[in-house]
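S.K.: Dropping a structure here in structure tokens format, bear with me for questions.
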Amino acid sequence: MFKKTLLFSALIFGMYGSSFSQERILERANKKYEEYSFKPAIDIYKKVYEKGFESADLLKRLGNSYYYNAEYKEAAPIYKALIEKYDSVITPDYLFRYAQTLKTLGEYENSDEIMKRFSEMTADNGLQVVDYLKQIEENSGRYDLEQFPYNSRYSDFAPAFYEDGLIFSSDRDTGNFARYRHTWNAKDFLDLFSVKNDTTIENPVLKIQGDVNTRLHESTSIVTNDGSTMYFTRNNFLDGKKYKDENGTIRLKIYQATWIDGEWTNIIELPFNSDSYSVAHPALSPDEKVLYFASDMPGTLGESDIFKVQIIGDGTFSAPVNLGKTINTAARETFPFVTDSDVLYFSSDGHPGLGGLDVFATKIAFDEYDQPIVNVGRPINTAYDDFSFIMDEKSATGYFASNRLDGMGEDDIYGFLEKEPINLDCLQDVTGTVRDRISNEILVGATVKIIDEGNQEVSSTITDAKGEYRLNLDCNKGNFVRALMEGYVPSEEYLAKSYGKPQIVDFYLERDVVSGGFGDDLAKLLQLSTIYFDLNKYDIRPDAELEIQKVIVAMEKYPSLKIKINAHTDSRGNDAYNLWLSQKRAEATVQYMIAKGISAERLAGEGFGEERLLNECGNGVSCSKEKHQLNRRSEFIILE
């Protein structure tokens with residue numbers, strides 16, 4: 001399986017717990033474990049556990065041994081016992097592995113619960129619990145798969161385009177002696193093979209010629225377009241010597257080979273390798289000026305991250321640069337591949353997926369690494385490990401590897417046809433309604449704009465007869481949605497980067513007092529409710545206070561504003577009395593506002609009685625209460 005083949009390297013992290021108990025029976029298992037020889041360690045830990053000996057450390061190591069051998073069904077109950085019985089000593093990495101194990105087994109709800117605990121224990125971990133399954137299903141069904149005809153019953157993975165065929169890694173007939181067999185899973189070491197897409201060839205699969213293959217591991221490779229240079233991954237082995245880190249582990253390095261006289265030779269080590277950390281899985285940019293790779297070097301955000309270096313030439317490279325926290329998480333990002341249109345495909349178990357490693361895509365044009373990360377969906381991704389994805393965009397075909405259950409061997413290569421390109425242009429629908437804040441009436445013809453973070457207008461539209469609008473925005477970036485209408489104060493809402501889910505943004509605009517001019521009624525501009533007075537009285541009622549307060553606030557906001565309060569009555573009652581009563585009500589309103597801090601110089605008041613009726617309801621005319629009510633009003637006329 002993939003976790004048995006690729007992770008022969010030191011791209012395994014977070015496994016340095018406290019020491020085991022001192023029982024001599026565990027010493028051998030511990031030694032195997034620290035050497036990343038997990039398969040022999042499982043047998044010993046399992047027997048000890050079955051005999052009833054249990055500790056947090058034993059459960060950690062047994063769970064990890066199962067996990068890194070992709071034996072998720074066996075790992076789940078061990079991690080569960082660890083978390084339930086030894087919660088006080090659990091670190092976030094064990095929660096993460098348990099969540100990934102549950103996800104691989106299809107227990108998505110339980111996995112999400114564990115991931116919530118993981119998120120609570122970590123800060124800025126780059127992992128989010130979201131409705132990822134819906135997003136994955138939306139991207140699914142775009143590929144037709146086919147079996148790679150040259151798989152074996154062993155591990156076959158890491159395809160790379162080469163001439164009219166592929167180079168890939170396999171532990172099939174490597175010709176190694178038993179003493180060199182890999183202790184991770186007791187399989188042979190990996191070599192690089194080539195295959196031509198020519199069914200007339202009797203033996204199309206051949207070991208690549210030259211000095212690349214050794215008695216240790218060789219895996220992922222990439223060849224330049226002119227066929228002259230190969231970058232490939234190998235254990236730390238050069239000139240017949242193998243080198244180990246301070247813990248005795250042989251790390252991974254990227255090497256360069258040159259095609260000379262029909263074979264790959266002149267093997268040199270790239271200068272940013274180290275004996276202390278692993279560098280692996282090379283990929284080239286379309287112009288072949290940038291080399292991408294996976295590593296756990298200093299500056300890594302998680303267990304392994306994707307980095308890049310500039311290829312300067314003459315054997316020189318720039319310093320490695322981490323691609324950042326949008327791409328890299330607290331878990332594993334690995335197996336980069338870049339298409340001609342600058343789409344980066346990579347595998348990760350840190351971004352939301354179906355389980356194990358999933359294949360993801362993101363746009364990286366113009367050296368920007370903050371675009372959305374998209375899970376490519378089924379059938380490329382499954383609950384198992386899916387990795388080493390490559391693609392030719394012109395033919396819409398490609399290959400990847402997986403340890404899914406329907407394969408022939410431990411890992412198998414699959415071919416695919418992409419029926420529909422993945423959409424990495426993150427367009428998000430934004431819809432809503434624009435209304436008057438006071439009356440709740442829809443505002444037809446209001447302008448709604450998308451403004452980017454540079455304060456540049458991206459797009460705009462007008463609300464329809466229902467006061468509704470619809471716009472699209474780029475959810476790769478933060479945007480402002482702004483609503484405007486003459487006579488109203490503009491309003492806007494900020495939308496941060498998102499997963500592209502549709503957003504509903506409703507606006508409730510306030511009347512713009514300052515847009516009013518001489519002679520305008522502030523009561524109408526502010527959509528004030530009717531200011532009532534008790535029958536034959538002129539003191540300010542509590543319900544009237546609320547409306548007058550709105551006027552006071554407007555005058556506080558605009559210190560130069562001066563107004564005149566006009567009070568009106570209906571026609572019922574004596575004309576002279578109505579004139580006196582309306583004057584008293586106007587004066588009472590002015591005094592109330594003065595008492596609340598408005599300068600008397602900014603206020604005036606006058607009563608008009610029934611002189612300025614709004615309808616036919618004069619003396620002697622029979623009208624309804626509702627019609628008479630229209631005439632009982634207060635006006636706040638703007639003087640300047």
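FYI, nothing fancy with the structure tokens labels: chains A, B, ... in order, residues from 1 per chain, ligands from 1 as they appear.
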From the DSSP assignment of the backbone, select every residue of region 241-487 of chain A that is strand (DSSP E or B), and format the answer as JSON, numbers by chain.

M.R.: {"A": [241, 242, 252, 253, 254, 255, 256, 257, 258, 259, 260, 263, 264, 265, 266, 267, 268, 269, 279, 280, 281, 282, 283, 284, 290, 291, 292, 293, 294, 295, 304, 305, 306, 307, 308, 309, 310, 311, 312, 313, 316, 317, 321, 322, 332, 333, 334, 335, 336, 337, 338, 343, 344, 345, 346, 347, 348, 358, 359, 360, 361, 362, 363, 374, 375, 386, 387, 388, 389, 390, 391, 392, 397, 398, 399, 400, 401, 402, 411, 412, 413, 414, 415, 416, 417, 418, 427, 428, 429, 430, 431, 432, 433, 434, 435, 436, 442, 447, 448, 449, 450, 451, 452, 457, 458, 459, 460, 461, 462, 468, 469, 470, 471, 472, 473, 474, 479, 480, 481, 482, 483, 484]}

S.K.: Please produce, as a tab-separated table, a per-residue contact table for region 35-108 of chain A versus region 382-391 of chain A (criterion: any atom at most 12 Å away, only C-alpha atoms considered), showing the nearest atom pair and its distance in Å to one decimal, sorted by chain then residue number.

M.R.:
residue	atom	partner	partner_atom	distance
A:Tyr67	CA	A:Tyr384	CA	11.7
A:Tyr68	CA	A:Asp385	CA	11.3
A:Asn69	CA	A:Asp385	CA	11.2
A:Ala70	CA	A:Tyr384	CA	8.2
A:Glu71	CA	A:Tyr384	CA	10.3
A:Tyr72	CA	A:Tyr384	CA	9.4
A:Lys73	CA	A:Tyr384	CA	11.7
A:Gln100	CA	A:Ala383	CA	9.5
A:Thr101	CA	A:Ala383	CA	9.3
A:Leu102	CA	A:Ala383	CA	9.7
A:Lys103	CA	A:Ala383	CA	7.0
A:Thr104	CA	A:Ala383	CA	4.4
A:Leu105	CA	A:Ala383	CA	6.9
A:Gly106	CA	A:Ala383	CA	7.1
A:Glu107	CA	A:Ala383	CA	10.3
A:Tyr108	CA	A:Ala383	CA	10.5

S.K.: Would you save the residues of that selection, restricted to N, CA, C and O atoms, as an mmCIF file, in the first residue's frame?

M.R.:
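Now in selection-v9.cif:
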data_model
loop_
_atom_site.group_PDB
_atom_site.id
_atom_site.type_symbol
_atom_site.label_atom_id
_atom_site.label_comp_id
_atom_site.auth_asym_id
_atom_site.auth_seq_id
_atom_site.Cartn_x
_atom_site.Cartn_y
_atom_site.Cartn_z
ATOM 1 N N TYR A 67 -1.861 2.863 11.522
ATOM 2 C CA TYR A 67 -2.210 4.014 10.680
ATOM 3 C C TYR A 67 -1.239 4.156 9.521
ATOM 4 O O TYR A 67 -1.653 4.331 8.366
ATOM 5 N N TYR A 68 0.058 4.075 9.811
ATOM 6 C CA TYR A 68 1.045 4.290 8.757
ATOM 7 C C TYR A 68 1.210 3.083 7.852
ATOM 8 O O TYR A 68 1.919 3.157 6.850
ATOM 9 N N ASN A 69 0.562 1.984 8.173
ATOM 10 C CA ASN A 69 0.474 0.867 7.249
ATOM 11 C C ASN A 69 -0.884 0.813 6.566
ATOM 12 O O ASN A 69 -1.233 -0.179 5.932
ATOM 13 N N ALA A 70 -1.676 1.901 6.728
ATOM 14 C CA ALA A 70 -2.995 2.026 6.102
ATOM 15 C C ALA A 70 -3.960 0.948 6.557
ATOM 16 O O ALA A 70 -4.899 0.609 5.848
ATOM 17 N N GLU A 71 -3.764 0.419 7.750
ATOM 18 C CA GLU A 71 -4.684 -0.571 8.310
ATOM 19 C C GLU A 71 -5.653 0.175 9.233
ATOM 20 O O GLU A 71 -5.612 0.076 10.452
ATOM 21 N N TYR A 72 -6.545 0.938 8.583
ATOM 22 C CA TYR A 72 -7.401 1.874 9.310
ATOM 23 C C TYR A 72 -8.431 1.166 10.184
ATOM 24 O O TYR A 72 -8.774 1.661 11.265
ATOM 25 N N LYS A 73 -8.943 0.057 9.724
ATOM 26 C CA LYS A 73 -9.928 -0.682 10.512
ATOM 27 C C LYS A 73 -9.332 -1.120 11.836
ATOM 28 O O LYS A 73 -10.012 -1.103 12.874
ATOM 29 N N GLN A 100 -8.878 11.132 10.672
ATOM 30 C CA GLN A 100 -8.617 10.648 9.326
ATOM 31 C C GLN A 100 -8.963 9.165 9.190
ATOM 32 O O GLN A 100 -9.481 8.715 8.165
ATOM 33 N N THR A 101 -8.685 8.414 10.239
ATOM 34 C CA THR A 101 -9.020 6.990 10.230
ATOM 35 C C THR A 101 -10.529 6.792 10.116
ATOM 36 O O THR A 101 -11.013 5.989 9.314
ATOM 37 N N LEU A 102 -11.286 7.533 10.912
ATOM 38 C CA LEU A 102 -12.743 7.428 10.859
ATOM 39 C C LEU A 102 -13.277 7.845 9.491
ATOM 40 O O LEU A 102 -14.204 7.228 8.952
ATOM 41 N N LYS A 103 -12.687 8.883 8.920
ATOM 42 C CA LYS A 103 -13.134 9.343 7.611
ATOM 43 C C LYS A 103 -12.906 8.256 6.561
ATOM 44 O O LYS A 103 -13.757 8.007 5.696
ATOM 45 N N THR A 104 -11.746 7.611 6.629
ATOM 46 C CA THR A 104 -11.445 6.551 5.683
ATOM 47 C C THR A 104 -12.436 5.402 5.803
ATOM 48 O O THR A 104 -12.777 4.756 4.813
ATOM 49 N N LEU A 105 -12.932 5.173 7.006
ATOM 50 C CA LEU A 105 -13.902 4.106 7.239
ATOM 51 C C LEU A 105 -15.324 4.552 6.929
ATOM 52 O O LEU A 105 -16.275 3.799 7.133
ATOM 53 N N GLY A 106 -15.485 5.791 6.477
ATOM 54 C CA GLY A 106 -16.806 6.293 6.107
ATOM 55 C C GLY A 106 -17.604 6.859 7.262
ATOM 56 O O GLY A 106 -18.774 7.203 7.088
ATOM 57 N N GLU A 107 -16.993 7.007 8.434
ATOM 58 C CA GLU A 107 -17.685 7.549 9.605
ATOM 59 C C GLU A 107 -17.466 9.061 9.645
ATOM 60 O O GLU A 107 -16.755 9.584 10.507
ATOM 61 N N TYR A 108 -18.095 9.776 8.716
ATOM 62 C CA TYR A 108 -17.813 11.187 8.531
ATOM 63 C C TYR A 108 -18.283 12.052 9.707
ATOM 64 O O TYR A 108 -17.587 12.995 10.109
#

S.K.: Taking 5 positions as the minimum chain separation for residues in the same chain, which residues sit within 8 Å of region 216-218 of chain A when counting only C-alpha atoms? Answer as an NGL selection string.

M.R.: :A and (169 or 180 or 189-192 or 232-235 or 237)

S.K.: Would you mind exporting the chosen residues as a PDB file, in the first residue's frame, restricted to N, CA and C atoms?

M.R.:
ATOM      1  N   SER A 169       7.353   4.194 -10.541  1.00  0.00           N
ATOM      2  CA  SER A 169       8.100   3.510  -9.489  1.00  0.00           C
ATOM      3  C   SER A 169       7.393   2.212  -9.126  1.00  0.00           C
ATOM      4  N   TYR A 180      18.328  -6.832   1.624  1.00  0.00           N
ATOM      5  CA  TYR A 180      18.010  -5.453   1.319  1.00  0.00           C
ATOM      6  C   TYR A 180      16.505  -5.194   1.310  1.00  0.00           C
ATOM      7  N   PHE A 189      12.845  -3.158  -2.403  1.00  0.00           N
ATOM      8  CA  PHE A 189      12.981  -1.726  -2.571  1.00  0.00           C
ATOM      9  C   PHE A 189      12.423  -1.284  -3.923  1.00  0.00           C
ATOM     10  N   LEU A 190      12.192   0.001  -4.041  1.00  0.00           N
ATOM     11  CA  LEU A 190      11.579   0.582  -5.233  1.00  0.00           C
ATOM     12  C   LEU A 190      12.628   0.963  -6.265  1.00  0.00           C
ATOM     13  N   ASP A 191      12.301   0.740  -7.535  1.00  0.00           N
ATOM     14  CA  ASP A 191      13.119   1.199  -8.652  1.00  0.00           C
ATOM     15  C   ASP A 191      12.229   1.944  -9.634  1.00  0.00           C
ATOM     16  N   LEU A 192      12.884   2.634 -10.579  1.00  0.00           N
ATOM     17  CA  LEU A 192      12.161   3.329 -11.640  1.00  0.00           C
ATOM     18  C   LEU A 192      12.130   2.478 -12.901  1.00  0.00           C
ATOM     19  N   PHE A 232      14.741  13.145  -9.638  1.00  0.00           N
ATOM     20  CA  PHE A 232      14.078  11.985  -9.054  1.00  0.00           C
ATOM     21  C   PHE A 232      14.357  11.903  -7.557  1.00  0.00           C
ATOM     22  N   THR A 233      13.530  11.112  -6.879  1.00  0.00           N
ATOM     23  CA  THR A 233      13.638  10.925  -5.442  1.00  0.00           C
ATOM     24  C   THR A 233      14.369   9.617  -5.147  1.00  0.00           C
ATOM     25  N   ARG A 234      15.244   9.684  -4.169  1.00  0.00           N
ATOM     26  CA  ARG A 234      15.971   8.492  -3.759  1.00  0.00           C
ATOM     27  C   ARG A 234      16.288   8.604  -2.277  1.00  0.00           C
ATOM     28  N   ASN A 235      16.462   7.451  -1.627  1.00  0.00           N
ATOM     29  CA  ASN A 235      17.020   7.471  -0.285  1.00  0.00           C
ATOM     30  C   ASN A 235      18.395   8.135  -0.322  1.00  0.00           C
ATOM     31  N   PHE A 237      21.536   8.183  -0.667  1.00  0.00           N
ATOM     32  CA  PHE A 237      22.496   7.185  -1.123  1.00  0.00           C
ATOM     33  C   PHE A 237      23.204   7.727  -2.351  1.00  0.00           C
TER      34      PHE A 237
END

S.K.: Counting only C-alpha atoms, what is within 10 Å of Pro559 (chain A), bar same-chain residues fewer than 3 positions away, as number ranges by chain?

M.R.: A: 554-556, 562, 598-599, 602

S.K.: Generate a file of the selected residues that holds N, CA, C and O atoms, formatted as a PDB file, in the first residue's frame.

M.R.:
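File written: result_11.pdb
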ATOM      1  N   ALA A 554     -30.651  63.428  14.133  1.00  0.00           N
ATOM      2  CA  ALA A 554     -30.279  64.002  12.837  1.00  0.00           C
ATOM      3  C   ALA A 554     -29.649  65.377  13.020  1.00  0.00           C
ATOM      4  O   ALA A 554     -28.653  65.712  12.353  1.00  0.00           O
ATOM      5  N   MET A 555     -30.192  66.176  13.927  1.00  0.00           N
ATOM      6  CA  MET A 555     -29.647  67.510  14.160  1.00  0.00           C
ATOM      7  C   MET A 555     -28.299  67.438  14.878  1.00  0.00           C
ATOM      8  O   MET A 555     -27.445  68.307  14.687  1.00  0.00           O
ATOM      9  N   GLU A 556     -28.111  66.440  15.697  1.00  0.00           N
ATOM     10  CA  GLU A 556     -26.809  66.249  16.337  1.00  0.00           C
ATOM     11  C   GLU A 556     -25.762  65.827  15.312  1.00  0.00           C
ATOM     12  O   GLU A 556     -24.597  66.217  15.390  1.00  0.00           O
ATOM     13  N   LYS A 562     -30.992  73.544  10.531  1.00  0.00           N
ATOM     14  CA  LYS A 562     -32.005  74.305  11.256  1.00  0.00           C
ATOM     15  C   LYS A 562     -33.375  73.921  10.720  1.00  0.00           C
ATOM     16  O   LYS A 562     -33.539  73.754   9.513  1.00  0.00           O
ATOM     17  N   ILE A 598     -30.779  70.626  22.023  1.00  0.00           N
ATOM     18  CA  ILE A 598     -30.728  71.319  20.743  1.00  0.00           C
ATOM     19  C   ILE A 598     -30.856  72.820  20.990  1.00  0.00           C
ATOM     20  O   ILE A 598     -31.766  73.274  21.696  1.00  0.00           O
ATOM     21  N   SER A 599     -29.965  73.615  20.406  1.00  0.00           N
ATOM     22  CA  SER A 599     -29.968  75.060  20.604  1.00  0.00           C
ATOM     23  C   SER A 599     -31.263  75.675  20.084  1.00  0.00           C
ATOM     24  O   SER A 599     -31.758  75.318  19.006  1.00  0.00           O
ATOM     25  N   ARG A 602     -31.612  77.076  16.561  1.00  0.00           N
ATOM     26  CA  ARG A 602     -31.761  76.179  15.406  1.00  0.00           C
ATOM     27  C   ARG A 602     -33.207  75.722  15.233  1.00  0.00           C
ATOM     28  O   ARG A 602     -33.491  74.938  14.307  1.00  0.00           O
TER      29      ARG A 602
END

S.K.: Looking only at helix (DSSP H, G or I) from DSSP on the backbone, list the matching residues of region 417-608 of chain A as JSON, numbers by chain.

M.R.: {"A": [513, 514, 515, 522, 523, 524, 525, 542, 543, 544, 545, 546, 547, 548, 549, 550, 551, 552, 553, 554, 555, 556, 557, 575, 576, 577, 578, 579, 580, 581, 582, 583, 584, 585, 586, 587, 588, 589, 590, 591, 592, 593, 594, 595, 600, 601, 602]}

S.K.: For Ser152 (chain A), work out the shell of residues within 8 Å, counting only C-alpha atoms and skipping chain neighbours fewer than 6 positions away, then give it as a list in words.

M.R.: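 Non-adjacent residues within range: Arg172, Met408, Gly409 and Asp412 of chain A.
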
S.K.: Could those residues be written to a file, using N, CA and C atoms, as a short mmCIF file (atom, residue, chain, number, x, y, z; two decimals), in the first residue's frame?

M.R.:
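Below is the file that was written, again20.cif:
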data_model
loop_
_atom_site.label_atom_id
_atom_site.label_comp_id
_atom_site.auth_asym_id
_atom_site.auth_seq_id
_atom_site.Cartn_x
_atom_site.Cartn_y
_atom_site.Cartn_z
N ARG A 172 8.32 -4.27 -8.05
CA ARG A 172 8.29 -5.57 -8.74
C ARG A 172 9.72 -6.07 -8.87
N MET A 408 -4.96 -4.32 -8.32
CA MET A 408 -4.28 -5.59 -8.49
C MET A 408 -3.23 -5.80 -7.42
N GLY A 409 -2.53 -4.73 -7.04
CA GLY A 409 -1.42 -4.86 -6.10
C GLY A 409 -1.58 -3.97 -4.89
N ASP A 412 -1.74 0.78 -7.16
CA ASP A 412 -1.93 0.63 -8.59
C ASP A 412 -2.02 1.98 -9.27
#

S.K.: Just checking: using only C-alpha atoms, which residue out of A:Glu468, A:Glu333, A:Asp156, A:Asp164 ends up closest to Gly407 (chain A)?

M.R.: A:Asp156

S.K.: Quick one, how far is CA of Ile380 (chain A) from CA of Lys289 (chain A)?

M.R.: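 CA of Lys289 (chain A) lies at a distance of 29.0 Å from CA of Ile380 (chain A).
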
S.K.: What lies within 9 Å of Leu133 (chain A) using only C-alpha atoms, ignoring chain neighbours under 2 positions off, as a PDB file with N, CA, C and O atoms, in the first residue's frame?

M.R.:
ATOM      1  N   TYR A 108     -18.095   9.776   8.716  1.00  0.00           N
ATOM      2  CA  TYR A 108     -17.813  11.187   8.531  1.00  0.00           C
ATOM      3  C   TYR A 108     -18.283  12.052   9.707  1.00  0.00           C
ATOM      4  O   TYR A 108     -17.587  12.995  10.109  1.00  0.00           O
ATOM      5  N   VAL A 130     -15.849  21.884   7.696  1.00  0.00           N
ATOM      6  CA  VAL A 130     -16.864  22.551   6.879  1.00  0.00           C
ATOM      7  C   VAL A 130     -17.750  21.492   6.248  1.00  0.00           C
ATOM      8  O   VAL A 130     -17.536  20.294   6.397  1.00  0.00           O
ATOM      9  N   ASP A 131     -18.742  21.945   5.526  1.00  0.00           N
ATOM     10  CA  ASP A 131     -19.608  21.027   4.793  1.00  0.00           C
ATOM     11  C   ASP A 131     -18.872  20.592   3.529  1.00  0.00           C
ATOM     12  O   ASP A 131     -19.273  20.886   2.404  1.00  0.00           O
ATOM     13  N   GLN A 135     -19.367  19.869  -1.130  1.00  0.00           N
ATOM     14  CA  GLN A 135     -18.452  20.473  -2.092  1.00  0.00           C
ATOM     15  C   GLN A 135     -17.761  19.413  -2.936  1.00  0.00           C
ATOM     16  O   GLN A 135     -17.610  19.559  -4.152  1.00  0.00           O
ATOM     17  N   ILE A 136     -17.362  18.309  -2.293  1.00  0.00           N
ATOM     18  CA  ILE A 136     -16.692  17.228  -3.025  1.00  0.00           C
ATOM     19  C   ILE A 136     -17.640  16.611  -4.045  1.00  0.00           C
ATOM     20  O   ILE A 136     -17.258  16.347  -5.184  1.00  0.00           O
ATOM     21  N   GLU A 137     -18.879  16.388  -3.639  1.00  0.00           N
ATOM     22  CA  GLU A 137     -19.837  15.780  -4.569  1.00  0.00           C
ATOM     23  C   GLU A 137     -20.104  16.683  -5.760  1.00  0.00           C
ATOM     24  O   GLU A 137     -20.345  16.220  -6.874  1.00  0.00           O
ATOM     25  N   GLU A 138     -20.072  17.999  -5.543  1.00  0.00           N
ATOM     26  CA  GLU A 138     -20.279  18.928  -6.654  1.00  0.00           C
ATOM     27  C   GLU A 138     -19.162  18.826  -7.685  1.00  0.00           C
ATOM     28  O   GLU A 138     -19.362  19.097  -8.877  1.00  0.00           O
ATOM     29  N   PRO A 352     -10.011  19.155   3.637  1.00  0.00           N
ATOM     30  CA  PRO A 352     -11.196  18.288   3.726  1.00  0.00           C
ATOM     31  C   PRO A 352     -11.281  17.311   2.575  1.00  0.00           C
ATOM     32  O   PRO A 352     -11.255  17.694   1.406  1.00  0.00           O
ATOM     33  N   GLY A 353     -11.362  16.017   2.917  1.00  0.00           N
ATOM     34  CA  GLY A 353     -11.380  14.988   1.892  1.00  0.00           C
ATOM     35  C   GLY A 353     -12.204  13.796   2.292  1.00  0.00           C
ATOM     36  O   GLY A 353     -12.936  13.821   3.286  1.00  0.00           O
ATOM     37  N   LEU A 354     -12.065  12.720   1.520  1.00  0.00           N
ATOM     38  CA  LEU A 354     -12.861  11.512   1.725  1.00  0.00           C
ATOM     39  C   LEU A 354     -12.172  10.501   2.627  1.00  0.00           C
ATOM     40  O   LEU A 354     -12.785   9.520   3.033  1.00  0.00           O
TER      41      LEU A 354
END

S.K.: Give me, as a list in words, all polymer residues having an atom no more than 10 Å from Phe157 (chain A), counting only C-alpha atoms and skipping those fewer than 5 positions away in the same chain.

M.R.: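 My list of contacting residues is Met1, Phe2, Thr5, Leu6, Asn151, Ile167, Phe168, Ser169, Ser170, Asp171, Leu192, Ser219, Thr220, Phe387, Ser388, Phe389, Tyr399, Phe400, Ala401, Ser402, Asn403, Glu410, Asp411, Asp412, Ile413 and Tyr414 of chain A.
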
S.K.: Just give me the gap between CA of Phe480 (chain A) and CA of Glu457 (chain A) in Å, one decimal is fine.

M.R.: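 Taking CA of Phe480 (chain A) as the start and CA of Glu457 (chain A) as the end point, the length is 9.4 Å.
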
S.K.: What is the CA of Asn64 (chain A) to CA of Leu405 (chain A) distance in Å?

M.R.: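 The value is 21.1 Å.
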
S.K.: Would you please work out which residue, of A:Ala319, A:Ile78, A:Ile373, A:Ala483, is nearest to Pro271 (chain A) when using only C-alpha atoms?

M.R.: A:Ala319

S.K.: For the interface of region 587-627 of chain A with region 537-548 of chain A (cut-off 8 Å, counting only C-alpha atoms), please tabulate each contacting residue of region 587-627 of chain A alongside its nearest pair of atoms and their separation in Å to one decimal, rows sorted by chain and increasing number, as a Markdown table.

M.R.:
| residue | atom | partner | partner_atom | distance |
| --- | --- | --- | --- | --- |
| A:Ala588 | CA | A:Asp539 | CA | 6.4 |
| A:Thr589 | CA | A:Ile540 | CA | 7.1 |
| A:Tyr592 | CA | A:Ile540 | CA | 7.8 |
| A:Met593 | CA | A:Ile548 | CA | 7.8 |
